[in-house]
Amino acid sequence: MEFIELTRKYGVSREATLRRYAEVSDRNIQAAYFSWRLKPAQTKRLADPNQQRLFDIPADKPPAKKLRLDYAIPSAAANGAFLPQHKSVDNDGPLYAAALGTPCEGTCHLDLGPSEGTYRVIAIPLWTSDSEVGPGGENSVGAIIEPIDSKPAKRKIPAARPSLF
């Protein structure tokens with residue numbers, strides 16, 4: 001895989017290589033970074049394990065971490081598609097294969113909220129500390145994603161009414 005070779009040749013991190021590739025590309029791509037974590041709402045619920053339960057309801061077992069989008073770096077040619085943080089991806093396809101430790105390339109459907117659709121994905125595993133691995137010991141993932149067939153971003157059209165400004 002060319003990204004791994006570039007990191008070795010120039011002695012830079014995989015994250016930096018993906019980011020720079022997206023920054024200089026003339027294609028509609030984004031460098032996306034995924035890690036294993038809970039949704040913010042789930043994290044808040046787990047914040048205080050000593051919080052008393054109403055009506056003595058037993059505490060649920062903690063939810064499992066999912067592979068979630070941390071952030072994305074768009075290329076200059078990106079069409080402005082918004083990739084929301086914290087959206088989880090399925091445990092299959094090239095992103096999950098990379099989480100298992102194997103660089104992978106392919107197409108898959110990603111439900112990324114307003115940018116849901118089919119994407120071409122080049123994914124590589126990233127170094128992950130022991131406290132941040134997935135439920136089965138999986139790695140974080142860096143990926144170049146390119147939309148093949150995605151929904152256009154929805155934008156509100158302002159109503160035709162008088163405005164104070």
# chains A, B, ... in the order shown; residues from 1 in each chain; ligands from 1
$ residues_around --residues "range 84-97 of chain A" --least-positions-apart "3" --cutoff "10 Å" --atoms "only C-alpha atoms" --output "short mmCIF file (atom, residue, chain, number, x, y, z; two decimals) with N, CA and C atoms, in the first residue's frame"
data_model
loop_
_atom_site.label_atom_id
_atom_site.label_comp_id
_atom_site.auth_asym_id
_atom_site.auth_seq_id
_atom_site.Cartn_x
_atom_site.Cartn_y
_atom_site.Cartn_z
N TYR A 33 -10.36 10.17 10.25
CA TYR A 33 -9.72 9.47 11.36
C TYR A 33 -10.79 8.90 12.28
N PHE A 34 -10.67 7.61 12.55
CA PHE A 34 -11.66 6.88 13.35
C PHE A 34 -10.98 6.28 14.57
N SER A 35 -11.66 6.30 15.72
CA SER A 35 -11.15 5.65 16.92
C SER A 35 -12.29 4.93 17.63
N TRP A 36 -11.91 4.06 18.54
CA TRP A 36 -12.88 3.26 19.29
C TRP A 36 -13.31 4.03 20.53
N ARG A 37 -14.57 4.40 20.58
CA ARG A 37 -15.07 5.11 21.76
C ARG A 37 -16.59 5.04 21.82
N LEU A 38 -17.10 5.59 22.91
CA LEU A 38 -18.54 5.65 23.12
C LEU A 38 -19.08 6.97 22.56
N LYS A 39 -20.39 7.04 22.38
CA LYS A 39 -21.03 8.30 22.02
C LYS A 39 -20.87 9.25 23.21
N PRO A 40 -20.85 10.56 22.97
CA PRO A 40 -20.74 11.49 24.11
C PRO A 40 -21.84 11.29 25.15
N LYS A 65 -17.64 -0.07 22.98
CA LYS A 65 -17.10 0.99 22.12
C LYS A 65 -17.37 0.63 20.66
N LYS A 66 -17.53 1.67 19.84
CA LYS A 66 -17.69 1.49 18.40
C LYS A 66 -16.65 2.33 17.68
N LEU A 67 -16.36 1.96 16.45
CA LEU A 67 -15.44 2.73 15.62
C LEU A 67 -16.17 3.98 15.16
N ARG A 68 -15.71 5.15 15.64
CA ARG A 68 -16.41 6.42 15.40
C ARG A 68 -15.48 7.44 14.75
N LEU A 69 -16.08 8.30 13.95
CA LEU A 69 -15.33 9.35 13.27
C LEU A 69 -14.87 10.40 14.28
N ASP A 70 -13.57 10.67 14.31
CA ASP A 70 -13.03 11.74 15.16
C ASP A 70 -13.06 13.07 14.41
N TYR A 71 -12.47 13.09 13.24
CA TYR A 71 -12.45 14.30 12.42
C TYR A 71 -12.05 13.95 11.00
N ALA A 72 -12.26 14.90 10.08
CA ALA A 72 -11.90 14.69 8.68
C ALA A 72 -11.25 15.95 8.13
N ALA A 81 -19.05 18.40 1.60
CA ALA A 81 -19.85 17.44 2.37
C ALA A 81 -19.37 17.44 3.82
N LEU A 100 -8.45 -4.24 12.26
CA LEU A 100 -7.90 -5.54 12.66
C LEU A 100 -6.41 -5.64 12.38
N GLY A 101 -5.84 -4.60 11.73
CA GLY A 101 -4.39 -4.56 11.54
C GLY A 101 -3.92 -4.69 10.10
N THR A 102 -4.83 -4.82 9.14
CA THR A 102 -4.44 -5.00 7.74
C THR A 102 -4.85 -3.79 6.91
N PRO A 103 -3.90 -3.11 6.27
CA PRO A 103 -4.30 -2.04 5.36
C PRO A 103 -5.24 -2.60 4.31
N CYS A 104 -6.27 -1.84 3.96
CA CYS A 104 -7.30 -2.37 3.08
C CYS A 104 -7.86 -1.28 2.17
N GLU A 105 -8.30 -1.70 1.00
CA GLU A 105 -8.87 -0.79 0.02
C GLU A 105 -10.15 -1.42 -0.51
N GLY A 106 -11.19 -0.61 -0.73
CA GLY A 106 -12.43 -1.15 -1.27
C GLY A 106 -13.53 -0.11 -1.24
N THR A 107 -14.73 -0.55 -1.55
CA THR A 107 -15.89 0.33 -1.49
C THR A 107 -16.82 -0.17 -0.40
N CYS A 108 -17.52 0.76 0.21
CA CYS A 108 -18.49 0.38 1.24
C CYS A 108 -19.50 1.50 1.43
N HIS A 109 -20.61 1.13 2.03
CA HIS A 109 -21.64 2.11 2.37
C HIS A 109 -21.32 2.65 3.76
N LEU A 110 -21.27 3.98 3.88
CA LEU A 110 -21.03 4.62 5.18
C LEU A 110 -22.22 5.50 5.52
N ASP A 111 -22.79 5.28 6.68
CA ASP A 111 -23.88 6.13 7.15
C ASP A 111 -23.28 7.25 7.97
N LEU A 112 -22.90 8.32 7.28
CA LEU A 112 -22.28 9.46 7.94
C LEU A 112 -23.25 10.63 7.98
N GLY A 113 -24.46 10.34 8.42
CA GLY A 113 -25.47 11.39 8.58
C GLY A 113 -25.79 12.06 7.26
N PRO A 114 -25.55 13.37 7.16
CA PRO A 114 -25.91 14.09 5.95
C PRO A 114 -25.09 13.68 4.73
N SER A 115 -24.00 12.95 4.93
CA SER A 115 -23.15 12.51 3.83
C SER A 115 -23.20 11.00 3.64
N ARG A 120 -15.40 5.07 -1.87
CA ARG A 120 -14.17 4.33 -2.12
C ARG A 120 -13.29 4.63 -0.91
N VAL A 121 -12.75 3.60 -0.27
CA VAL A 121 -12.02 3.76 0.98
C VAL A 121 -10.64 3.11 0.87
N ILE A 122 -9.63 3.86 1.29
CA ILE A 122 -8.28 3.32 1.48
C ILE A 122 -8.00 3.50 2.96
N ALA A 123 -7.93 2.40 3.70
CA ALA A 123 -7.83 2.47 5.17
C ALA A 123 -6.55 1.81 5.66
N ILE A 124 -5.93 2.45 6.65
CA ILE A 124 -4.73 1.89 7.26
C ILE A 124 -4.87 1.94 8.79
N PRO A 125 -4.34 0.92 9.46
CA PRO A 125 -4.39 0.94 10.93
C PRO A 125 -3.44 2.00 11.47
N GLU A 138 -8.95 -4.07 18.63
CA GLU A 138 -8.78 -3.45 17.32
C GLU A 138 -8.09 -2.08 17.43
N ASN A 139 -7.44 -1.67 16.34
CA ASN A 139 -6.73 -0.39 16.25
C ASN A 139 -7.65 0.74 15.82
N SER A 140 -7.17 1.96 16.02
CA SER A 140 -7.79 3.13 15.39
C SER A 140 -7.46 3.06 13.90
N VAL A 141 -8.16 3.87 13.09
CA VAL A 141 -8.00 3.78 11.63
C VAL A 141 -7.90 5.18 11.03
N GLY A 142 -7.04 5.31 10.05
CA GLY A 142 -6.98 6.50 9.22
C GLY A 142 -7.38 6.08 7.82
N ALA A 143 -8.11 6.94 7.12
CA ALA A 143 -8.59 6.53 5.80
C ALA A 143 -8.71 7.72 4.86
#
$ atom_distance --atom1 "CA of Ala78 in chain A" --atom2 "CA of Ser25 in chain A"
9.3 Å
$ select_by_dssp --residues "range 8-161 of chain A" --states "strand (DSSP E)" --output "number ranges by chain"
A: 30-37, 66-74, 104-110, 117-126, 140-150
$ write_last_selection --atoms "C-alpha atoms" --output "PDB file, in the first residue's frame"
ATOM      1  CA  GLN A  30     -11.245  13.546   2.734  1.00  0.00           C
ATOM      2  CA  ALA A  31      -8.712  12.134   5.165  1.00  0.00           C
ATOM      3  CA  ALA A  32     -10.855  10.675   7.942  1.00  0.00           C
ATOM      4  CA  TYR A  33      -9.719   9.469  11.356  1.00  0.00           C
ATOM      5  CA  PHE A  34     -11.660   6.885  13.355  1.00  0.00           C
ATOM      6  CA  SER A  35     -11.149   5.654  16.924  1.00  0.00           C
ATOM      7  CA  TRP A  36     -12.879   3.262  19.294  1.00  0.00           C
ATOM      8  CA  ARG A  37     -15.075   5.109  21.759  1.00  0.00           C
ATOM      9  CA  LYS A  66     -17.691   1.489  18.395  1.00  0.00           C
ATOM     10  CA  LEU A  67     -15.438   2.726  15.622  1.00  0.00           C
ATOM     11  CA  ARG A  68     -16.408   6.424  15.399  1.00  0.00           C
ATOM     12  CA  LEU A  69     -15.329   9.350  13.271  1.00  0.00           C
ATOM     13  CA  ASP A  70     -13.029  11.743  15.158  1.00  0.00           C
ATOM     14  CA  TYR A  71     -12.453  14.301  12.420  1.00  0.00           C
ATOM     15  CA  ALA A  72     -11.901  14.688   8.683  1.00  0.00           C
ATOM     16  CA  ILE A  73      -9.591  16.856   6.572  1.00  0.00           C
ATOM     17  CA  PRO A  74     -11.127  17.699   3.162  1.00  0.00           C
ATOM     18  CA  CYS A 104      -7.302  -2.370   3.080  1.00  0.00           C
ATOM     19  CA  GLU A 105      -8.873  -0.786   0.024  1.00  0.00           C
ATOM     20  CA  GLY A 106     -12.432  -1.145  -1.272  1.00  0.00           C
ATOM     21  CA  THR A 107     -15.885   0.334  -1.489  1.00  0.00           C
ATOM     22  CA  CYS A 108     -18.485   0.377   1.240  1.00  0.00           C
ATOM     23  CA  HIS A 109     -21.642   2.106   2.366  1.00  0.00           C
ATOM     24  CA  LEU A 110     -21.029   4.619   5.177  1.00  0.00           C
ATOM     25  CA  GLY A 117     -23.580   6.972   0.702  1.00  0.00           C
ATOM     26  CA  THR A 118     -21.134   4.674  -1.036  1.00  0.00           C
ATOM     27  CA  TYR A 119     -17.463   5.551  -0.727  1.00  0.00           C
ATOM     28  CA  ARG A 120     -14.171   4.329  -2.118  1.00  0.00           C
ATOM     29  CA  VAL A 121     -12.019   3.758   0.982  1.00  0.00           C
ATOM     30  CA  ILE A 122      -8.284   3.323   1.477  1.00  0.00           C
ATOM     31  CA  ALA A 123      -7.831   2.473   5.165  1.00  0.00           C
ATOM     32  CA  ILE A 124      -4.732   1.885   7.262  1.00  0.00           C
ATOM     33  CA  PRO A 125      -4.387   0.943  10.928  1.00  0.00           C
ATOM     34  CA  LEU A 126      -3.006   3.618  13.246  1.00  0.00           C
ATOM     35  CA  SER A 140      -7.789   3.128  15.387  1.00  0.00           C
ATOM     36  CA  VAL A 141      -8.003   3.779  11.630  1.00  0.00           C
ATOM     37  CA  GLY A 142      -6.978   6.504   9.217  1.00  0.00           C
ATOM     38  CA  ALA A 143      -8.589   6.532   5.797  1.00  0.00           C
ATOM     39  CA  ILE A 144      -8.888   8.384   2.540  1.00  0.00           C
ATOM     40  CA  ILE A 145     -12.561   8.371   1.595  1.00  0.00           C
ATOM     41  CA  GLU A 146     -13.950   9.416  -1.766  1.00  0.00           C
ATOM     42  CA  PRO A 147     -17.691   9.588  -2.423  1.00  0.00           C
ATOM     43  CA  ILE A 148     -18.942   7.407  -5.254  1.00  0.00           C
ATOM     44  CA  ASP A 149     -22.640   7.882  -4.613  1.00  0.00           C
ATOM     45  CA  SER A 150     -23.623  10.017  -1.652  1.00  0.00           C
TER      46      SER A 150
END
$ select_by_dssp --residues "range 2-131 of chain A" --states "helix (DSSP H, G or I)" --output "ChimeraX atom specification"
/A:2-10,14-24,40-46,54-56,93-99,113-115,130-131
